[in-house]
Amino acid sequence: MAAQEYDVLIIGSGASGGMAAHTLTKQGVKCLMLDAGPLVDFSRQRVQKQAYELPYRGFGEPGKLPHVAQANEFNANQWVDEKEVPYTYDPSMPFNWVRVRMIGGKSLFWARMSFRLSDYEFKAKDHDGFGENWPIDHAELAPFYSRVEPIFRVSGRREGWKQLPDGEFIEDTAPWSESMNRFIAQASRREIGITKMRRSLGRGQFASSFNLLLPDAMDTGNLTIVPNAVVRELTVDRNTGLVNGANFVDRHSKREMHAKARVVVLGASCLESTRILLNSRIANSSGALGHYFHDQTYVTQGVVAIDRESKGNQSGRAGGYAPRFVNLKRGREEDFIRGYAFDFNLAGTPDAKYIPAYGEDLDKKLAEYRGRAASVTIMGEVLARYENFVRVDPNVTDAFGIPVLHFECRYGDNEAKMLKHAMNTFDELCRASNFETLAKHDQPWPPGYSIHELGTCRMGDDPKKSVLNKWNQSHDVKNLFVVDGSSFVTGGYQNPTMTILALSMRASEYLMEQMKVRAI
Amino acid sequence: MKRRNFFRTLAAAPAAPALLGQQRRTAAQDGAAPEDPKLAVSVADAAADPMPRFFNAAQYAALEKLSETVMPGAVEAGAAAFLDFLIGRSDEARRNVYIAGLDGLNARGFASLASLNKPWTFEEPADPVERFLRVAKADIRMATLNSAANSAGKRFAGSGLYWYPLG
């Protein structure tokens, strides 16, 4: 028998669910949080090992996690097993769906890149005519970004660039390396701005809801967390049409349970939230649920080049970030719209495969190139298209008996042209900075690789074209909020976590106001 | 295969479960409570010989010769034997790359290694020996660097935080 009555049921303990809990519990709202995964004791769950102690010497068990490029033999057990929670797609449209199920979710492992979206994203349609505008702009979300950034302790350097708004930073004053100064000189000739990486420092070993949001929420006495609770669907009161809770399955025993609350906040991560709504068959009068999927299109090691001048032992910061520098003055300056970022380093060691040698010659060359290699990850904006979508696959269920998602997502011409431009631009910058290119390419990973799933439950002012309103509230079901990346209209090139946190905080405060006046 | 006395300390292990049917001794019964022993066990690769099962004799001989040519120290590291194990367990595509490559290498001779001196391209080579040599170069290097034999060497050896399965 439930110990108490709950005001809000929060589904998901990651960045979005964690921020909802943090915001609501501090104002006295009684919350029940369900998460599909366990609470992990990190000191007992992990142990330092040498690669030769692993069964496959670090190669990983063949066939395990084929869609998780980020998996290796050390971390294989931290990712959701594809056999336990499968998904389907047509072989012509591969998708890499990367998931984590434990208290804290993906916020335990993210790369911590912390950016704001700009009005180039919030008002993208005004700028180039494609897609839709968000129903909000940067000015409306700015106060929430400003409250999120200090919690996560974002380090960065203020630049005053419209396409990458500055935040509340711990100012990064570290000097650049000599190579970087040379590179920046060439970049600024081409009006390409390079800044310090903006990164959540967090506290201790984590920058996660696990250590930055949930403990404070628990201290209020208003939060109950139930791990190992796999939500199947939301339940609806037939008389009112409002949601009144969720059916879930215990992860270990498969026992079926029901959790009740006055309001439901979904923060199960973009595609899991949409999956729950699709399986619940609610909130979709617009027909937009599942559609307009987008992420960011990633090319890793797009250019690998060797610095002719460096001896490989420079001091100073050798890694930098170049935000979008194209299509700023006008919507279409190039043969593609929107833009991309460079996340790059100039002082690495190239992978042996790029060096045309073997045996002792290869060892010599590796020693010669150590600390002198430039490498870039290109992160391109993906257009949010109706045709890129997920639906439920009625023929396949997961280990918990819950119907899985079927994906139909592919990149298009705009992404291809953008990535070619990016590769050529970085290559040219390298040559101008006296680097010698070893290899270059513009082929992205499959959709999903970025682990920045966005859209499929987008917000908008028009209930015919969107699932949520500007407050992350369902147009159809007033006591249902969806606060994760599924609410995005368009994602830009920027990593989405700061925006997800800000939206969740803002939606939660609006929700509280609505509850106070009994509108919900 | 060189046998070597090699020990490593057992790293912090999860607490041992209580043994059924035995009373737990209290600290009072023991005086100062003794710690459980930390046995420094070895690994199979350091004390025993692998038994290759997948490649035929000619393929295996070519792989062993190739491994030492591509990465000095590969034989001591047991790289060929390890790859026999790994590739034998891998999917059909990967197995076929190795089989076609090793058969081709035996047919054409080790002059084929010249293709490893060509600049890198992201397109996969059409020629099966070239395609195999690219993959084998990376696999042999990793199998050697991550071996117990290499652990005492100067080259970087892989290590990291290993995740136990979630409870």
# chains A, B, ... in the order shown; residues from 1 in each chain; ligands from 1
$ closest_atom_pairs --of "chain B" --to "chain A" --cutoff "7 Å" --atoms "only C-alpha atoms" --output "CSV"
residue,atom,partner,partner_atom,distance
B:Pro14,CA,A:Arg44,CA,6.1
B:Val43,CA,A:Glu53,CA,6.8
B:Thr69,CA,A:Gly359,CA,5.8
B:Val70,CA,A:Gly359,CA,4.4
B:Met71,CA,A:Gly359,CA,4.9
B:Pro72,CA,A:Gly359,CA,6.2
B:Arg89,CA,A:Pro62,CA,6.7
B:Ser90,CA,A:Pro62,CA,5.3
B:Leu116,CA,A:Pro356,CA,5.8
B:Asn117,CA,A:Pro356,CA,4.2
B:Lys118,CA,A:Pro356,CA,5.3
B:Pro119,CA,A:Pro356,CA,5.3
B:Trp120,CA,A:Tyr354,CA,5.4
B:Thr121,CA,A:Ala439,CA,6.9
B:Phe122,CA,A:His441,CA,6.9
B:Ala138,CA,A:Lys353,CA,6.7
B:Ala143,CA,A:Arg57,CA,6.8
B:Asn146,CA,A:Ala51,CA,5.4
B:Ser147,CA,A:Tyr52,CA,5.0
B:Ala148,CA,A:Tyr52,CA,5.4
B:Gly158,CA,A:Ala51,CA,5.0
B:Ser159,CA,A:Gln50,CA,4.2
B:Gly160,CA,A:Gln48,CA,5.6
B:Leu161,CA,A:Gln48,CA,4.5
B:Tyr162,CA,A:Phe74,CA,4.3
B:Trp163,CA,A:Arg46,CA,4.6
B:Tyr164,CA,A:Gln45,CA,5.6
B:Pro165,CA,A:Asn77,CA,5.2
B:Leu166,CA,A:Asn77,CA,6.8
$ residues_around --residues "Ala187 of chain A" --least-positions-apart "2" --cutoff "10 Å" --atoms "only C-alpha atoms" --output "compact mmCIF listing (two decimals) with C-alpha atoms, in the first residue's frame"
# COMPACT_ATOMS: atom_id res chain seq x y z
CA ASN A 181 47.83 30.63 -31.00
CA ARG A 182 49.06 29.91 -34.52
CA PHE A 183 45.79 28.17 -35.36
CA ILE A 184 43.66 30.94 -33.87
CA ALA A 185 45.52 33.54 -35.94
CA ARG A 189 41.52 35.79 -40.61
CA ARG A 190 38.59 33.67 -41.78
CA GLU A 191 36.18 35.09 -39.17
CA ILE A 192 36.08 31.81 -37.31
CA GLY A 193 35.95 32.33 -33.55
CA ILE A 194 37.66 29.87 -31.24
CA ALA A 322 34.65 26.80 -32.62
CA THR A 425 37.33 24.21 -43.71
CA PHE A 426 39.22 22.50 -40.90
CA GLU A 428 42.38 24.28 -44.88
CA LEU A 429 42.89 25.81 -41.43
CA CYS A 430 45.37 23.06 -40.60
CA ALA A 432 47.39 27.38 -43.26
CA SER A 433 48.71 26.78 -39.72
$ closest_residue --among "A:Val29, A:Leu468, A:Leu214, A:Ile402" --to "Trp134 of chain A" --atoms "only C-alpha atoms"
A:Leu468
$ select_by_dssp --residues "segment 210-425 of chain A" --states "helix (DSSP H, G or I)" --output "VMD selection string"
chain A and resid 210 to 212 214 to 219 270 to 280 352 to 354 359 to 369 413 to 425
$ write_last_selection --atoms "N, CA and C atoms" --output "CSV table (one decimal), in the first residue's frame"
chain,number,residue,atom,x,y,z
A,210,PHE,N,22.7,13.0,-9.9
A,210,PHE,CA,23.0,12.1,-8.8
A,210,PHE,C,23.7,12.8,-7.6
A,211,ASN,N,24.6,13.7,-7.9
A,211,ASN,CA,25.3,14.4,-6.8
A,211,ASN,C,25.0,15.9,-6.7
A,212,LEU,N,24.4,16.5,-7.8
A,212,LEU,CA,24.1,17.9,-7.7
A,212,LEU,C,22.6,18.3,-7.5
A,214,LEU,N,19.7,15.5,-6.8
A,214,LEU,CA,18.9,14.6,-6.0
A,214,LEU,C,19.2,14.7,-4.5
A,215,PRO,N,20.5,14.8,-4.1
A,215,PRO,CA,20.7,14.9,-2.6
A,215,PRO,C,19.9,16.1,-2.0
A,216,ASP,N,20.0,17.3,-2.6
A,216,ASP,CA,19.3,18.4,-2.0
A,216,ASP,C,17.8,18.2,-2.0
A,217,ALA,N,17.3,17.5,-3.1
A,217,ALA,CA,15.9,17.2,-3.2
A,217,ALA,C,15.5,16.2,-2.0
A,218,MET,N,16.3,15.3,-1.8
A,218,MET,CA,16.0,14.3,-0.7
A,218,MET,C,16.0,15.0,0.6
A,219,ASP,N,16.9,15.9,0.8
A,219,ASP,CA,17.0,16.6,2.1
A,219,ASP,C,15.8,17.4,2.5
A,270,CYS,N,14.5,11.5,-24.0
A,270,CYS,CA,13.7,11.8,-25.2
A,270,CYS,C,12.9,10.6,-25.7
A,271,LEU,N,13.6,9.6,-26.1
A,271,LEU,CA,12.9,8.5,-26.8
A,271,LEU,C,12.1,7.6,-25.9
A,272,GLU,N,12.5,7.5,-24.6
A,272,GLU,CA,11.8,6.6,-23.7
A,272,GLU,C,10.5,7.4,-23.3
A,273,SER,N,10.6,8.7,-23.1
A,273,SER,CA,9.4,9.4,-22.8
A,273,SER,C,8.3,9.3,-23.9
A,274,THR,N,8.8,9.5,-25.1
A,274,THR,CA,7.9,9.4,-26.3
A,274,THR,C,7.4,7.9,-26.4
A,275,ARG,N,8.2,7.0,-26.1
A,275,ARG,CA,7.7,5.6,-26.1
A,275,ARG,C,6.6,5.3,-25.1
A,276,ILE,N,6.8,5.9,-23.9
A,276,ILE,CA,5.8,5.7,-22.9
A,276,ILE,C,4.5,6.4,-23.4
A,277,LEU,N,4.5,7.6,-23.9
A,277,LEU,CA,3.3,8.2,-24.4
A,277,LEU,C,2.7,7.4,-25.6
A,278,LEU,N,3.5,6.9,-26.5
A,278,LEU,CA,2.9,6.1,-27.6
A,278,LEU,C,2.2,4.9,-27.0
A,279,ASN,N,2.9,4.2,-26.1
A,279,ASN,CA,2.2,3.0,-25.5
A,279,ASN,C,1.0,3.4,-24.7
A,280,SER,N,0.9,4.6,-24.2
A,280,SER,CA,-0.2,5.0,-23.4
A,280,SER,C,-1.4,5.5,-24.3
A,352,ALA,N,47.5,4.7,-34.8
A,352,ALA,CA,48.5,4.0,-35.6
A,352,ALA,C,48.0,3.8,-37.0
A,353,LYS,N,46.7,3.6,-37.2
A,353,LYS,CA,46.2,3.3,-38.5
A,353,LYS,C,46.5,4.4,-39.5
A,354,TYR,N,46.6,5.6,-39.1
A,354,TYR,CA,46.8,6.7,-40.0
A,354,TYR,C,48.2,6.8,-40.5
A,359,GLY,N,55.7,-2.2,-37.9
A,359,GLY,CA,56.9,-2.7,-37.2
A,359,GLY,C,57.7,-1.6,-36.5
A,360,GLU,N,59.0,-1.6,-36.5
A,360,GLU,CA,59.8,-0.6,-35.8
A,360,GLU,C,59.6,0.8,-36.5
A,361,ASP,N,59.4,0.8,-37.8
A,361,ASP,CA,59.2,2.1,-38.5
A,361,ASP,C,58.0,2.8,-37.9
A,362,LEU,N,57.0,2.0,-37.6
A,362,LEU,CA,55.7,2.6,-37.0
A,362,LEU,C,56.0,3.1,-35.6
A,363,ASP,N,56.7,2.3,-34.8
A,363,ASP,CA,57.0,2.8,-33.5
A,363,ASP,C,57.8,4.1,-33.5
A,364,LYS,N,58.7,4.2,-34.5
A,364,LYS,CA,59.5,5.4,-34.6
A,364,LYS,C,58.7,6.6,-34.9
A,365,LYS,N,57.8,6.4,-35.9
A,365,LYS,CA,56.9,7.5,-36.4
A,365,LYS,C,55.9,7.9,-35.2
A,366,LEU,N,55.4,6.9,-34.5
A,366,LEU,CA,54.5,7.3,-33.4
A,366,LEU,C,55.2,8.1,-32.3
A,367,ALA,N,56.5,7.7,-32.1
A,367,ALA,CA,57.3,8.5,-31.1
A,367,ALA,C,57.5,9.9,-31.6
A,368,GLU,N,57.7,10.0,-33.0
A,368,GLU,CA,58.0,11.3,-33.6
A,368,GLU,C,56.7,12.2,-33.6
A,369,TYR,N,55.6,11.6,-33.7
A,369,TYR,CA,54.3,12.4,-33.8
A,369,TYR,C,53.6,12.6,-32.5
A,413,ASP,N,20.4,15.7,-47.4
A,413,ASP,CA,21.3,16.4,-48.2
A,413,ASP,C,22.0,17.6,-47.5
A,414,ASN,N,21.2,18.3,-46.6
A,414,ASN,CA,21.7,19.4,-45.9
A,414,ASN,C,22.8,19.0,-45.0
A,415,GLU,N,22.7,17.8,-44.3
A,415,GLU,CA,23.7,17.3,-43.4
A,415,GLU,C,25.0,17.0,-44.2
A,416,ALA,N,24.8,16.3,-45.3
A,416,ALA,CA,25.9,15.9,-46.1
A,416,ALA,C,26.8,17.1,-46.6
A,417,LYS,N,26.1,18.1,-47.1
A,417,LYS,CA,26.8,19.3,-47.6
A,417,LYS,C,27.5,20.1,-46.5
A,418,MET,N,26.8,20.1,-45.3
A,418,MET,CA,27.4,20.8,-44.2
A,418,MET,C,28.7,20.1,-43.7
A,419,LEU,N,28.7,18.8,-43.7
A,419,LEU,CA,29.8,18.0,-43.2
A,419,LEU,C,31.0,18.2,-44.2
A,420,LYS,N,30.7,18.2,-45.5
A,420,LYS,CA,31.8,18.4,-46.4
A,420,LYS,C,32.4,19.7,-46.3
A,421,HIS,N,31.6,20.7,-46.1
A,421,HIS,CA,32.1,22.1,-45.8
A,421,HIS,C,33.0,22.1,-44.6
A,422,ALA,N,32.5,21.4,-43.5
A,422,ALA,CA,33.2,21.4,-42.3
A,422,ALA,C,34.6,20.8,-42.4
A,423,MET,N,34.6,19.6,-43.1
A,423,MET,CA,35.9,18.9,-43.2
A,423,MET,C,36.9,19.8,-44.0
A,424,ASN,N,36.4,20.4,-45.1
A,424,ASN,CA,37.3,21.2,-46.0
A,424,ASN,C,37.8,22.4,-45.2
A,425,THR,N,36.9,23.0,-44.4
A,425,THR,CA,37.3,24.2,-43.7
A,425,THR,C,38.4,23.9,-42.7
$ select_by_dssp --residues "segment 7-235 of chain A" --states "strand (DSSP E)" --output "VMD selection string"
chain A and resid 8 to 11 31 to 34 46 to 50 88 to 89 154 to 156 170 to 171 199 to 200 223 to 226 229 to 235
$ atom_distance --atom1 "atom CA of Pro394 of chain A" --atom2 "atom CA of His406 of chain A"
9.1 Å
$ closest_residue --among "B:Ile99, B:Leu133, B:Ala33, B:Leu113" --to "Ala58 of chain B" --atoms "only C-alpha atoms"
B:Ile99
$ residues_around --residues "Lys516 of chain A" --least-positions-apart "3" --cutoff "12 Å" --atoms "only C-alpha atoms" --output "list in words"
Asp7, Gln27, Gly28, Val29, Glu509, Tyr510, Leu511, Met512, Glu513, Ala519 and Ile520 of chain A
$ write_last_selection --atoms "all heavy atoms" --output "CSV table (one decimal), in the first residue's frame"
chain,number,residue,atom,x,y,z
A,7,ASP,N,1.9,14.4,-4.8
A,7,ASP,CA,1.4,15.5,-5.7
A,7,ASP,C,1.9,15.2,-7.2
A,7,ASP,O,1.1,15.3,-8.1
A,7,ASP,CB,2.0,16.8,-5.3
A,7,ASP,CG,1.6,17.2,-3.9
A,7,ASP,OD1,0.4,17.0,-3.6
A,7,ASP,OD2,2.4,17.7,-3.1
A,27,GLN,N,10.0,23.5,-3.0
A,27,GLN,CA,8.8,24.4,-2.7
A,27,GLN,C,7.7,23.6,-2.0
A,27,GLN,O,6.6,24.0,-2.0
A,27,GLN,CB,8.3,25.0,-4.0
A,27,GLN,CG,9.3,25.8,-4.8
A,27,GLN,CD,9.6,27.1,-4.0
A,27,GLN,OE1,8.7,27.6,-3.4
A,27,GLN,NE2,10.8,27.6,-4.2
A,28,GLY,N,8.1,22.4,-1.5
A,28,GLY,CA,7.1,21.7,-0.7
A,28,GLY,C,6.2,20.7,-1.4
A,28,GLY,O,5.3,20.1,-0.8
A,29,VAL,N,6.5,20.5,-2.7
A,29,VAL,CA,5.7,19.6,-3.5
A,29,VAL,C,6.2,18.1,-3.2
A,29,VAL,O,7.4,17.9,-3.2
A,29,VAL,CB,5.8,19.9,-5.0
A,29,VAL,CG1,5.0,18.9,-5.8
A,29,VAL,CG2,5.4,21.3,-5.3
A,509,GLU,N,8.5,25.2,-12.3
A,509,GLU,CA,8.0,26.4,-11.6
A,509,GLU,C,6.7,26.8,-12.1
A,509,GLU,O,5.8,27.1,-11.3
A,509,GLU,CB,9.0,27.5,-11.7
A,509,GLU,CG,10.3,27.2,-10.9
A,509,GLU,CD,11.2,28.4,-10.7
A,509,GLU,OE1,11.1,29.4,-11.4
A,509,GLU,OE2,12.1,28.2,-9.8
A,510,TYR,N,6.4,26.6,-13.4
A,510,TYR,CA,5.1,26.9,-14.0
A,510,TYR,C,4.1,25.9,-13.4
A,510,TYR,O,3.0,26.3,-13.0
A,510,TYR,CB,5.2,26.8,-15.5
A,510,TYR,CG,3.8,27.0,-16.1
A,510,TYR,CD1,3.2,28.3,-16.3
A,510,TYR,CD2,3.1,25.9,-16.6
A,510,TYR,CE1,2.0,28.4,-16.9
A,510,TYR,CE2,1.8,26.0,-17.2
A,510,TYR,CZ,1.3,27.3,-17.3
A,510,TYR,OH,0.1,27.4,-17.9
A,511,LEU,N,4.5,24.7,-13.4
A,511,LEU,CA,3.6,23.6,-12.9
A,511,LEU,C,3.2,23.9,-11.4
A,511,LEU,O,2.0,23.8,-11.0
A,511,LEU,CB,4.4,22.3,-12.9
A,511,LEU,CG,3.9,21.1,-12.0
A,511,LEU,CD1,2.5,20.7,-12.3
A,511,LEU,CD2,4.8,19.9,-12.3
A,512,MET,N,4.1,24.4,-10.6
A,512,MET,CA,3.8,24.7,-9.2
A,512,MET,C,2.8,25.8,-9.1
A,512,MET,O,1.9,25.8,-8.3
A,512,MET,CB,5.1,25.1,-8.5
A,512,MET,CG,5.9,23.9,-8.0
A,512,MET,SD,7.4,24.4,-7.0
A,512,MET,CE,7.9,25.9,-7.8
A,513,GLU,N,3.0,26.8,-9.9
A,513,GLU,CA,2.1,27.9,-9.9
A,513,GLU,C,0.7,27.5,-10.3
A,513,GLU,O,-0.3,27.9,-9.7
A,513,GLU,CB,2.5,29.0,-10.9
A,513,GLU,CG,3.8,29.8,-10.5
A,513,GLU,CD,3.6,30.3,-9.1
A,513,GLU,OE1,2.6,31.0,-8.8
A,513,GLU,OE2,4.5,30.1,-8.2
A,519,ALA,N,-5.4,25.2,-11.0
A,519,ALA,CA,-5.7,25.0,-12.4
A,519,ALA,C,-5.4,23.5,-12.8
A,519,ALA,O,-5.9,23.0,-13.8
A,519,ALA,CB,-4.8,25.9,-13.3
A,520,ILE,N,-4.5,22.9,-12.1
A,520,ILE,CA,-4.2,21.5,-12.3
A,520,ILE,C,-4.5,20.7,-11.0
A,520,ILE,O,-4.1,21.1,-9.9
A,520,ILE,CB,-2.7,21.3,-12.6
A,520,ILE,CG1,-2.4,22.0,-13.9
A,520,ILE,CG2,-2.4,19.8,-12.7
A,520,ILE,CD1,-0.9,22.0,-14.2
$ atom_distance --atom1 "atom CA of Tyr145 of chain A" --atom2 "atom CA of Leu164 of chain A"
12.7 Å
$ residues_around --residues "Gly78 of chain B" --least-positions-apart "3" --cutoff "12 Å" --atoms "only C-alpha atoms" --output "count of residues only"
39
$ decode --residues "segment 90-110 of chain B" --atoms "C-alpha atoms" --output "short mmCIF file (atom, residue, chain, number, x, y, z; two decimals), in the first residue's frame"
data_model
loop_
_atom_site.label_atom_id
_atom_site.label_comp_id
_atom_site.auth_asym_id
_atom_site.auth_seq_id
_atom_site.Cartn_x
_atom_site.Cartn_y
_atom_site.Cartn_z
CA SER B 90 33.38 -12.98 -34.09
CA ASP B 91 30.69 -12.52 -36.71
CA GLU B 92 30.94 -13.99 -40.18
CA ALA B 93 32.10 -10.77 -41.83
CA ARG B 94 35.09 -10.40 -39.57
CA ARG B 95 36.00 -14.08 -39.79
CA ASN B 96 35.92 -13.92 -43.58
CA VAL B 97 38.20 -10.89 -43.69
CA TYR B 98 40.82 -12.84 -41.76
CA ILE B 99 40.44 -16.10 -43.66
CA ALA B 100 40.56 -14.48 -47.09
CA GLY B 101 43.45 -12.28 -45.98
CA LEU B 102 45.59 -15.05 -44.51
CA ASP B 103 45.00 -17.38 -47.47
CA GLY B 104 45.85 -14.51 -49.81
CA LEU B 105 48.97 -13.66 -47.83
CA ASN B 106 50.15 -17.27 -48.05
CA ALA B 107 49.50 -17.29 -51.79
CA ARG B 108 51.20 -13.97 -52.59
CA GLY B 109 53.93 -13.80 -49.98
CA PHE B 110 54.93 -11.16 -47.46
#
